[in-house]
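Enquirer: Data file model15.txt (compact mmCIF, C-alpha atoms) is appended below.
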```
# COMPACT_ATOMS: atom_id res chain seq x y z
CA MET A 138 -89.58 197.61 47.17
CA PRO A 139 -86.36 199.48 46.24
CA CYS A 140 -86.38 202.79 44.51
CA GLU A 141 -86.28 202.43 40.70
CA ASN A 142 -83.43 204.91 40.36
CA TYR A 143 -81.15 202.88 42.57
CA LYS A 144 -82.24 199.38 41.63
CA ASN A 145 -79.48 198.72 39.08
CA ALA A 146 -76.87 200.41 41.22
CA LEU A 147 -77.81 198.15 44.09
CA ILE A 148 -77.44 195.04 42.00
CA GLU A 149 -74.15 196.14 40.51
CA ALA A 150 -72.74 197.01 43.91
CA ALA A 151 -73.75 193.63 45.24
CA ALA A 152 -72.41 191.82 42.17
CA SER A 153 -69.03 193.54 42.29
CA GLY A 154 -68.69 192.88 46.00
CA THR A 155 -67.24 196.32 46.55
CA GLU A 156 -68.43 199.16 48.75
CA PRO A 157 -71.27 201.21 47.19
CA GLN A 158 -70.45 204.64 45.90
CA ALA A 159 -71.04 207.75 48.00
CA ALA A 160 -74.39 208.67 46.42
CA LEU A 161 -75.78 205.16 46.90
CA ARG A 162 -74.41 205.00 50.41
CA MET A 163 -76.25 208.19 51.33
CA HIS A 164 -79.45 206.87 49.80
CA LEU A 165 -79.15 203.56 51.61
CA ALA A 166 -78.72 205.42 54.86
CA ALA A 167 -81.96 207.27 54.21
CA CYS A 168 -84.10 204.53 52.51
CA ALA A 169 -84.92 201.44 54.55
CA ALA A 170 -86.50 199.60 51.60
CA CYS A 171 -83.38 200.01 49.45
CA ARG A 172 -81.20 198.99 52.38
CA ALA A 173 -83.20 195.82 52.80
CA ALA A 174 -83.07 195.16 49.06
CA PHE A 175 -79.32 195.74 49.04
CA GLU A 176 -78.85 193.31 51.93
CA GLN A 177 -80.97 190.79 50.07
CA GLU A 178 -78.89 191.25 46.89
CA GLN A 179 -75.67 190.89 48.84
CA SER A 180 -76.95 187.71 50.40
CA PHE A 181 -78.00 186.43 46.99
CA PHE A 182 -74.59 187.07 45.46
CA ASN A 183 -72.91 185.54 48.46
CA SER A 184 -74.98 182.45 47.84
CA ILE A 185 -73.84 182.47 44.22
CA ASP A 186 -70.23 182.79 45.30
CA ALA A 187 -70.66 179.95 47.75
CA GLY A 188 -72.36 177.85 45.09
CA LEU A 189 -69.60 178.63 42.63
CA HIS A 190 -67.01 177.64 45.19
CA VAL A 191 -68.75 174.35 45.78
CA SER A 192 -69.13 173.80 42.06
CA ALA A 193 -65.53 174.71 41.29
CA ASN A 194 -63.90 172.68 44.07
CA PRO A 195 -65.36 169.22 43.99
CA GLU A 196 -63.57 166.40 45.73
CA VAL A 197 -61.06 164.88 43.37
CA PRO A 198 -61.43 161.10 42.97
CA THR A 199 -58.48 159.24 44.44
CA SER A 200 -58.35 157.06 41.36
CA LEU A 201 -57.58 159.97 39.07
CA LEU A 202 -53.81 160.17 39.42
CA PRO A 203 -53.12 156.39 39.39
CA ARG A 204 -55.24 156.09 36.27
CA VAL A 205 -53.44 158.94 34.62
CA ARG A 206 -50.09 157.36 35.48
CA ALA A 207 -51.25 154.06 34.03
CA ARG A 208 -52.34 155.79 30.86
CA LEU A 209 -49.01 157.56 30.67
CA ASP A 210 -47.29 154.19 30.86
CA ASP A 211 -49.52 152.90 28.11
CA ALA A 212 -48.91 155.99 26.06
CA SER A 213 -45.21 155.22 25.91
CA ALA A 214 -45.58 151.55 24.99
CA PRO A 215 -47.89 151.85 21.99
CA ARG A 216 -45.61 154.51 20.63
CA ARG A 217 -42.80 151.99 20.38
CA ILE A 218 -45.11 149.35 18.96
CA TRP A 219 -46.29 151.87 16.44
CA ALA A 220 -42.70 152.72 15.63
CA ALA A 221 -41.91 149.02 15.20
CA ASN A 222 -44.94 148.61 12.97
CA TRP A 223 -43.85 151.60 11.03
CA LEU A 224 -40.41 150.09 10.52
CA VAL A 225 -41.90 146.80 9.37
CA LEU A 226 -44.20 148.56 6.94
CA ALA A 227 -41.37 150.71 5.64
CA SER A 228 -39.17 147.65 5.12
CA ALA A 229 -41.95 145.84 3.30
CA ALA A 230 -42.54 148.86 1.09
CA ALA A 231 -38.82 149.11 0.32
CA ILE A 232 -38.68 145.43 -0.64
CA ILE A 233 -41.69 145.81 -2.90
CA VAL A 234 -40.15 148.85 -4.58
CA CYS A 235 -36.86 147.00 -5.09
CA LEU A 236 -38.65 144.05 -6.64
CA PHE A 237 -40.58 146.33 -8.93
CA VAL A 238 -37.45 148.18 -9.99
CA ALA A 239 -35.62 144.90 -10.60
CA ARG A 240 -38.50 143.67 -12.70
CA VAL A 241 -38.51 146.86 -14.77
CA VAL A 242 -34.74 146.78 -15.23
CA TRP A 243 -34.62 143.11 -16.26
CA ARG A 244 -37.71 143.22 -18.39
CA PRO A 245 -35.84 143.15 -21.77
CA ASN A 246 -34.12 139.92 -20.79
CA ILE A 247 -37.42 138.43 -19.76
CA VAL A 248 -38.93 139.37 -23.09
CA ARG A 249 -36.05 137.86 -25.00
CA LYS A 250 -36.06 134.67 -23.05
CA PRO A 251 -39.13 133.02 -24.59
CA ALA A 252 -37.61 133.26 -28.07
CA GLU A 253 -34.44 131.64 -26.88
CA THR A 254 -36.27 128.89 -25.08
CA ALA A 255 -38.49 128.33 -28.09
CA GLY A 256 -35.42 127.96 -30.27
CA LYS A 257 -33.96 125.47 -27.89
CA THR A 258 -37.05 123.34 -27.62
CA SER A 259 -38.18 123.44 -31.23
CA GLY A 260 -34.81 122.94 -32.83
CA PRO A 261 -33.63 119.54 -33.86
CA PRO A 262 -31.15 117.69 -31.72
CA MET A 263 -27.47 117.89 -32.38
CA VAL A 264 -26.23 115.03 -34.44
CA THR A 265 -22.75 113.72 -34.68
CA LEU A 266 -21.84 111.30 -37.38
CA SER A 267 -19.08 108.89 -36.78
CA PRO A 268 -17.83 106.48 -39.40
CA HIS A 269 -16.04 104.40 -36.82
CA ASN A 270 -19.06 103.61 -34.77
CA PRO A 271 -21.78 101.95 -36.77
CA THR A 272 -24.28 101.97 -33.93
CA PRO A 273 -26.41 105.06 -33.75
CA VAL A 274 -26.01 106.79 -30.41
CA VAL A 275 -28.44 109.41 -29.24
CA ALA A 276 -26.84 111.72 -26.73
CA PRO A 277 -28.75 112.94 -23.71
CA PRO A 278 -30.52 116.29 -23.99
CA LEU A 279 -28.72 119.51 -23.32
CA GLY A 280 -27.99 120.27 -19.73
CA LYS A 281 -28.89 123.49 -17.99
CA GLU A 282 -25.29 124.55 -17.96
CA SER A 283 -25.26 124.77 -21.71
CA ASP A 284 -26.44 128.03 -23.17
CA LEU A 285 -25.60 127.23 -26.77
CA PRO A 286 -28.43 126.87 -29.22
CA ARG A 287 -28.97 123.43 -30.61
CA GLN A 288 -27.03 122.84 -33.79
CA PHE A 289 -26.17 120.08 -36.17
CA VAL A 290 -22.58 119.04 -36.07
CA ILE A 291 -21.39 116.52 -38.52
CA VAL A 292 -18.10 115.03 -37.57
CA ARG A 293 -16.32 112.40 -39.49
CA ASN A 294 -13.01 112.82 -37.87
CA ALA A 295 -12.71 110.73 -34.72
CA THR A 296 -10.34 113.16 -33.02
CA ALA A 297 -12.65 116.06 -33.51
CA ARG A 298 -15.59 113.99 -32.33
CA GLU A 299 -13.75 112.93 -29.23
CA ALA A 300 -12.80 116.52 -28.50
CA LEU A 301 -16.41 117.48 -28.71
CA VAL A 302 -17.53 114.61 -26.53
CA ILE A 303 -14.83 115.16 -23.94
CA GLY A 304 -15.60 118.86 -23.86
CA LYS A 305 -19.24 117.92 -23.33
CA THR A 306 -20.26 121.07 -25.01
CA MET A 307 -22.80 119.33 -27.21
CA PRO A 308 -24.62 116.05 -27.22
CA GLU A 309 -24.15 113.77 -30.19
CA VAL A 310 -26.09 111.29 -32.24
CA LEU A 311 -24.03 108.64 -33.87
CA VAL A 312 -25.48 106.99 -36.92
CA PRO A 313 -24.30 104.21 -39.23
CA SER A 314 -22.35 105.25 -42.26
CA ASP A 315 -25.13 104.38 -44.70
CA GLN A 316 -27.46 106.87 -43.06
CA ASP A 317 -25.17 109.85 -42.87
CA ILE A 318 -26.20 111.12 -46.28
CA LEU A 319 -29.81 111.27 -45.23
CA LEU A 320 -28.89 113.05 -42.07
CA THR A 321 -26.75 115.57 -43.89
CA GLU A 322 -29.64 116.11 -46.28
CA TYR A 323 -31.93 116.69 -43.37
CA ALA A 324 -29.43 119.06 -41.85
CA ALA A 325 -29.18 121.01 -45.08
CA GLN A 326 -32.95 121.33 -45.33
CA TRP A 327 -33.24 122.40 -41.72
CA ARG A 328 -30.55 124.97 -42.26
CA LEU A 329 -32.33 126.42 -45.27
CA HIS A 330 -35.76 126.63 -43.71
CA LYS A 331 -35.02 127.37 -40.08
CA ARG A 332 -32.16 129.76 -40.69
CA GLY A 333 -30.30 128.12 -37.92
CA PRO A 334 -26.54 128.26 -37.79
CA LEU A 335 -24.69 125.20 -38.84
CA LEU A 336 -21.61 124.71 -36.85
CA LEU A 337 -18.96 122.67 -38.44
CA ALA A 338 -16.38 121.23 -36.16
CA GLN A 339 -13.61 121.19 -38.66
CA ASN A 340 -13.57 122.48 -42.17
CA SER A 341 -11.45 119.66 -43.46
CA ASP A 342 -13.78 116.98 -42.16
CA VAL A 343 -17.03 118.38 -43.33
CA THR A 344 -18.94 115.95 -45.47
CA ILE A 345 -19.27 117.26 -48.98
CA LEU A 346 -22.91 117.25 -49.71
CA SER A 347 -24.19 116.17 -53.06
CA PRO A 348 -27.83 116.30 -54.15
CA LEU A 349 -29.69 113.08 -54.60
CA GLN A 350 -29.68 111.74 -58.11
CA VAL A 351 -33.10 110.42 -58.91
CA ALA A 352 -33.77 108.89 -62.32
CA PRO A 353 -36.75 110.38 -64.16
CA ILE A 354 -39.87 108.30 -64.05
CA GLN A 355 -40.57 106.56 -67.27
CA ILE A 356 -44.21 106.00 -68.11
CA ALA A 357 -45.02 103.64 -70.96
CA GLU A 358 -47.62 104.76 -73.47
CA LEU A 359 -51.00 103.29 -72.77
CA ASP A 360 -52.63 101.11 -75.36
CA VAL A 361 -56.28 102.00 -75.28
CA ARG A 362 -58.74 99.63 -76.93
CA LEU A 363 -62.55 99.59 -77.05
CA LEU A 364 -64.42 96.91 -75.17
CA ALA A 365 -66.54 96.04 -78.22
CA ASP A 366 -63.45 95.33 -80.29
CA GLU A 367 -62.07 93.15 -77.59
CA LYS A 368 -65.34 91.17 -77.34
CA SER A 369 -65.49 90.66 -81.07
CA GLN A 370 -61.99 89.34 -81.11
CA MET B 186 0.98 142.84 21.82
CA GLN B 187 -2.75 142.92 22.06
CA GLU B 188 -4.64 145.59 20.30
CA LEU B 189 -7.48 147.24 22.10
CA VAL B 190 -10.40 148.19 19.95
CA LEU B 191 -12.96 150.63 21.19
CA ILE B 192 -16.35 149.72 19.79
CA GLN B 193 -18.65 152.69 19.74
CA PRO B 194 -22.39 152.26 19.53
CA SER B 195 -23.94 152.96 16.18
CA GLY B 196 -25.60 156.27 15.46
CA THR B 197 -29.10 154.84 15.58
CA ALA B 198 -28.59 153.21 18.95
CA HIS B 199 -27.05 156.39 20.29
CA ASP B 200 -30.00 158.43 19.08
CA GLU B 201 -32.38 155.94 20.59
CA LEU B 202 -30.63 156.16 23.95
CA ALA B 203 -30.69 159.94 23.85
CA ARG B 204 -34.37 159.89 22.95
CA ASP B 205 -35.14 157.52 25.78
CA ALA B 206 -33.25 159.70 28.22
CA ALA B 207 -35.08 162.80 27.05
CA GLN B 208 -38.37 160.97 27.34
CA ALA B 209 -37.53 159.87 30.87
CA ASP B 210 -36.66 163.45 31.82
CA ALA B 211 -39.88 164.75 30.38
CA ARG B 212 -41.82 162.05 32.18
CA ARG B 213 -40.16 162.93 35.50
CA GLU B 214 -40.85 166.61 35.00
CA PHE B 215 -44.43 165.92 34.08
CA GLU B 216 -44.92 163.66 37.10
CA GLU B 217 -43.78 166.49 39.35
CA ARG B 218 -46.57 168.68 37.99
CA LEU B 219 -49.14 165.95 37.85
CA ALA B 220 -49.92 165.84 41.55
CA GLU B 221 -50.46 169.57 41.65
CA CYS B 222 -52.24 170.11 38.36
CA GLY B 223 -54.23 166.90 38.05
CA PRO B 224 -56.94 168.08 40.45
CA LEU B 225 -57.07 171.42 38.63
CA ALA B 226 -57.84 169.71 35.36
CA TYR B 227 -60.46 167.60 37.04
CA ARG B 228 -62.14 170.62 38.63
CA VAL B 229 -62.25 172.55 35.42
CA ALA B 230 -63.82 169.59 33.70
CA ARG B 231 -66.23 169.03 36.56
CA GLY B 232 -67.25 172.69 36.51
CA VAL B 233 -68.12 172.42 32.84
CA LEU B 234 -69.61 168.96 32.72
CA ARG B 235 -71.26 168.70 36.17
CA ASN B 236 -70.68 164.98 36.06
CA THR B 237 -68.04 163.18 38.09
CA ALA B 238 -67.37 160.29 35.73
CA ASP B 239 -67.21 162.46 32.63
CA ALA B 240 -65.02 164.96 34.43
CA GLU B 241 -62.57 162.24 35.37
CA ASP B 242 -62.43 161.00 31.80
CA VAL B 243 -61.85 164.49 30.51
CA ALA B 244 -59.19 165.19 33.12
CA GLN B 245 -57.34 162.02 32.15
CA GLU B 246 -57.60 162.91 28.50
CA ALA B 247 -56.39 166.44 29.14
CA LEU B 248 -53.42 165.26 31.18
CA LEU B 249 -52.52 162.67 28.58
CA ARG B 250 -52.72 165.23 25.82
CA ALA B 251 -50.62 167.61 27.85
CA TYR B 252 -48.02 164.89 28.36
CA ARG B 253 -47.85 164.13 24.66
CA ARG B 254 -47.35 167.80 23.82
CA PHE B 255 -45.21 168.58 26.83
CA ASP B 256 -42.10 169.07 24.72
CA ARG B 257 -43.85 171.78 22.73
CA LEU B 258 -44.41 173.90 25.81
CA ARG B 259 -41.47 176.29 25.88
CA ASP B 260 -42.30 178.09 29.11
CA ARG B 261 -42.94 175.35 31.64
CA ALA B 262 -44.08 177.95 34.19
CA ARG B 263 -47.25 178.31 32.16
CA PHE B 264 -48.12 174.69 32.49
CA ARG B 265 -51.12 175.28 34.76
CA GLY B 266 -52.81 177.72 32.43
CA TRP B 267 -52.01 175.56 29.45
CA LEU B 268 -53.53 172.53 31.13
CA VAL B 269 -56.59 174.51 32.19
CA ARG B 270 -57.23 175.55 28.60
CA ILE B 271 -56.78 171.99 27.34
CA ALA B 272 -59.15 170.58 29.95
CA PHE B 273 -61.68 173.32 29.32
CA ARG B 274 -61.65 172.72 25.57
CA ILE B 275 -62.01 168.98 25.89
CA ALA B 276 -64.82 169.38 28.42
CA LEU B 277 -66.63 171.80 26.13
CA ASP B 278 -66.26 169.44 23.18
CA ARG B 279 -67.75 166.66 25.20
CA LEU B 280 -70.51 168.87 26.44
CA ARG B 281 -71.39 169.85 22.92
CA SER B 282 -72.12 166.36 21.81
CA ALA B 283 -75.71 166.27 20.72
CA LYS B 284 -76.70 163.43 22.96
CA ARG B 285 -75.55 165.03 26.16
CA ARG B 286 -77.05 168.35 25.18
CA ALA B 287 -80.38 166.69 24.49
CA GLN B 288 -80.27 164.97 27.86
CA ARG B 289 -79.44 168.19 29.58
CA ASP B 290 -82.24 170.06 27.80
CA THR B 291 -84.67 167.35 28.76
CA LEU B 292 -83.66 167.62 32.39
CA TRP B 293 -83.90 171.38 32.27
CA SER B 294 -87.41 171.26 30.86
CA GLU B 295 -88.63 168.91 33.56
CA PRO B 296 -89.29 171.11 36.56
CA ALA B 297 -91.97 168.85 38.06
CA HIS B 298 -89.59 167.28 40.56
CA GLN B 299 -88.30 170.62 41.83
CA PRO B 300 -89.76 171.59 45.18
CA ARG B 301 -91.09 175.04 45.92
CA VAL B 302 -88.82 177.43 47.70
CA ALA B 303 -89.82 180.75 49.14
CA THR B 304 -86.75 182.94 48.80
CA ALA B 305 -83.35 182.99 47.23
CA GLU B 306 -81.77 182.43 50.60
CA ASP B 307 -83.85 179.36 51.20
CA LEU B 308 -82.98 178.19 47.73
CA ALA B 309 -79.31 178.66 48.40
CA ALA B 310 -79.54 176.50 51.45
CA SER B 311 -80.86 173.61 49.46
CA ALA B 312 -79.23 171.20 47.09
CA GLU B 313 -81.55 172.38 44.38
CA PHE B 314 -79.92 175.77 44.43
CA GLN B 315 -76.63 174.18 43.61
CA GLU B 316 -78.23 172.27 40.81
CA HIS B 317 -79.84 175.40 39.41
CA LEU B 318 -76.63 177.32 39.78
CA GLU B 319 -74.69 174.74 37.82
CA ARG B 320 -77.26 174.67 35.08
CA ALA B 321 -77.27 178.43 34.87
CA LEU B 322 -73.50 178.36 34.80
CA ALA B 323 -73.58 175.92 31.92
CA GLU B 324 -75.70 178.36 29.97
CA LEU B 325 -73.25 181.20 30.35
CA PRO B 326 -70.89 182.10 27.51
CA GLU B 327 -67.61 180.21 27.73
CA LYS B 328 -65.48 183.24 28.45
CA PHE B 329 -67.57 184.08 31.53
CA ARG B 330 -67.87 180.52 32.70
CA ILE B 331 -64.16 179.72 32.78
CA VAL B 332 -63.37 182.96 34.58
CA LEU B 333 -66.05 182.34 37.22
CA LEU B 334 -64.89 178.79 37.74
CA LEU B 335 -61.21 179.61 37.99
CA ALA B 336 -61.84 182.54 40.31
CA ALA B 337 -63.79 180.28 42.61
CA MET B 338 -61.31 177.44 42.29
CA GLU B 339 -58.57 176.80 44.82
CA GLY B 340 -58.70 180.40 46.02
CA HIS B 341 -57.24 181.87 42.84
CA THR B 342 -56.83 185.61 42.85
CA VAL B 343 -57.82 187.75 39.89
CA GLU B 344 -54.17 188.06 38.95
CA GLU B 345 -53.72 184.30 39.01
CA VAL B 346 -56.77 183.82 36.82
CA ALA B 347 -55.39 186.39 34.42
CA ALA B 348 -52.07 184.54 34.35
CA LEU B 349 -53.76 181.18 33.84
CA LEU B 350 -55.82 182.40 30.93
CA GLY B 351 -53.22 184.74 29.55
CA ILE B 352 -55.54 187.74 29.54
CA PRO B 353 -55.32 191.14 31.28
CA VAL B 354 -56.44 191.54 34.87
CA GLY B 355 -59.01 194.16 33.86
CA THR B 356 -60.59 191.69 31.45
CA VAL B 357 -60.84 189.13 34.22
CA LYS B 358 -62.53 191.61 36.53
CA SER B 359 -64.95 192.65 33.83
CA ARG B 360 -65.83 189.09 32.98
CA LEU B 361 -66.27 188.23 36.62
CA PHE B 362 -68.67 191.08 37.10
CA PHE B 363 -70.79 190.48 34.01
CA GLY B 364 -70.68 186.74 34.47
CA LYS B 365 -71.98 186.96 38.00
CA LYS B 366 -74.63 189.39 36.93
CA GLN B 367 -75.87 187.10 34.16
CA LEU B 368 -75.78 184.17 36.53
CA ALA B 369 -77.88 186.09 39.06
CA GLU B 370 -80.43 187.00 36.39
CA LYS B 371 -80.80 183.40 35.32
CA LEU B 372 -81.17 182.25 38.88
CA ARG B 373 -83.61 185.03 39.66
CA CYS B 374 -85.77 183.96 36.75
CA HIS B 375 -85.79 180.49 38.09
CA VAL B 376 -86.66 181.66 41.60
CA LYS B 377 -89.61 183.58 40.19
CA THR B 378 -90.71 180.54 38.21
CA THR B 379 -90.64 178.33 41.27
CA LYS B 380 -92.42 180.93 43.33
CA THR B 381 -95.35 181.17 40.92
CA ARG B 382 -95.84 177.40 40.91
```
Just give me the structure as structure tokens.
Expert:
Amino acid sequence: MPCENYKNALIEAAASGTEPQAALRMHLAACAACRAAFEQEQSFFNSIDAGLHVSANPEVPTSLLPRVRARLDDASAPRRIWAANWLVLASAAAIIVCLFVARVVWRPNIVRKPAETAGKTSGPPMVTLSPHNPTPVVAPPLGKESDLPRQFVIVRNATAREALVIGKTMPEVLVPSDQDILLTEYAAQWRLHKRGPLLLAQNSDVTILSPLQVAPIQIAELDVRLLADEKSQ
Amino acid sequence: MQELVLIQPSGTAHDELARDAAQADARREFEERLAECGPLAYRVARGVLRNTADAEDVAQEALLRAYRRFDRLRDRARFRGWLVRIAFRIALDRLRSAKRRAQRDTLWSEPAHQPRVATAEDLAASAEFQEHLERALAELPEKFRIVLLLAAMEGHTVEEVAALLGIPVGTVKSRLFFGKKQLAEKLRCHVKTTKTR
């Protein structure tokens, strides 16, 4: 059993691994119990050092470095794949943004378009009257290349009509001469109610419209007689 | 007369080539250190985790992380210490996972399989001593543990440990002393426990 006064000093000297101080050295020389305890402590700390050495220097697995190298190779590859993915995603995002911007910029046109298309579809077909051709001809519908709204064109002059037909700017409907008044009437009514523009091919050839003259209805006065009088007669 | 046109690579391609070259240089430089420092990382991890498989995983992770951040390391001479700290941190993180801690606590509280030993010397001679030592080491504060491990590792001197950890030599000596003392106390308690059984 070591002396209580020197117990801690013994342990600290053994733990530090250095030579004990002069006072402790003198005591150890005189006290056999403390000397034995000191030797035991030194042995104990040597065992700890040996254990620490074993614990701190294990055998390194041979597979460690090849595996690390393999992971380093992998670490480079996914980086590029990630970069490629990033580029693809960035491109997709840019395209989406461009589409969105284009949609916002062209929105007014898109809003206006339905009105135009409605006017085209709901409006009456263009009619061309020709006194030289008695057979009514219905021209094909407007092609996509034509952006003009549908209008009535009444053409009596053959030259003007031919110019229109050759130019193919408008389709035509040719009607017999006895029906042109009705058509002009219809055109006048459509113009009043639909507020559509009436394009006249030539001022000199425009048909002068005159309202229909309808005679007033004449109703004869009714002769009302009683049934009794009629029976008596 | 034919006109010769020098076609230079585009800026992006040039940058890519330069980046690839820099990456290859960094890889070569890292490979040079890998053979020397790989075992160090493993040993640090093994000292903390006391498990070969986990230590290998952690060493790989530490080396990979070091490779990814290699360009951030300005002073390449400090690579060893830098790697030691990375490996130590990763090993500690892994050790702190609740599952492993629970397993370790369970093992620690199961002394039934431990044989009786008469003295510390006898204990040291046995494999159990090593086991107890490692468990006691795991219970030490981190700052003591890493210093004890590094001092015992690969014959590092106190100065080398100080350089690895970036702390003063006096601090290393102090931590070595108090760490060993705490380790001895823990082991002594265990010796007494086994003696009384």
Enquirer: Near chain A, meaning an atom within 9 Å, which residues of chain B appear when counting all atoms listed in the file? Write them as a VMD selection string.
Expert: chain B and resid 212 216 219 to 220 223 to 225 227 to 229 231 to 232 235 237 241 to 242 244 to 246 248 to 249 252 to 253 305 to 306 309 to 310 314 to 315 318 to 319 322 333 to 340 358 361 to 363 365 to 366 368 to 369
Enquirer: Which is closer to Leu350 (chain B) than all the others in B:Leu258, B:Ala312, B:Leu280, B:Ile271, using only C-alpha atoms?
Expert: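 Between B:Leu258, B:Ala312, B:Leu280, B:Ile271, the residue approaching Leu350 (chain B) most closely is B:Ile271.
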Enquirer: Which residues come within 9 Å of Cys222 (chain B), counting only C-alpha atoms, excluding same-chain residues fewer than 6 positions away, as a PyMOL selection string?
Expert: chain B and resi 248+264-265+268-269
Enquirer: Store the residues picked out above in a file with C-alpha atoms, as an mmCIF file, in the frame of the given file.
Expert:
```
data_model
loop_
_atom_site.group_PDB
_atom_site.id
_atom_site.type_symbol
_atom_site.label_atom_id
_atom_site.label_comp_id
_atom_site.auth_asym_id
_atom_site.auth_seq_id
_atom_site.Cartn_x
_atom_site.Cartn_y
_atom_site.Cartn_z
ATOM 1 C CA LEU B 248 -53.420 165.260 31.180
ATOM 2 C CA PHE B 264 -48.120 174.690 32.490
ATOM 3 C CA ARG B 265 -51.120 175.280 34.760
ATOM 4 C CA LEU B 268 -53.530 172.530 31.130
ATOM 5 C CA VAL B 269 -56.590 174.510 32.190
#
```
Enquirer: To one decimal in Å, tell me the separation between CA of Asp315 (chain A) and CA of Arg328 (chain A).
Expert: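 So the two atoms, CA of Asp315 (chain A) and CA of Arg328 (chain A), lie 21.4 Å apart.
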Enquirer: What is the distance between CA of Asn222 (chain A) and CA of Ala239 (chain A), in Å to one decimal?
Expert: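 Calculated distance between CA of Asn222 (chain A) and CA of Ala239 (chain A) is 25.6 Å.
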Enquirer: Find the residue from B:Arg213, B:Arg270, B:Arg360, B:His317 that sits nearest to Arg330 (chain B); use all atoms listed in the file when measuring.
Expert: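 Under the stated criterion, the closest residue is B:Arg360.
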Enquirer: Using CA of Ala160 (chain A) and CA of Ser359 (chain B) as the two end points, give the distance in Å to one decimal.
Expert: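 We find that CA of Ala160 (chain A) and CA of Ser359 (chain B) lie 22.5 Å from each other.
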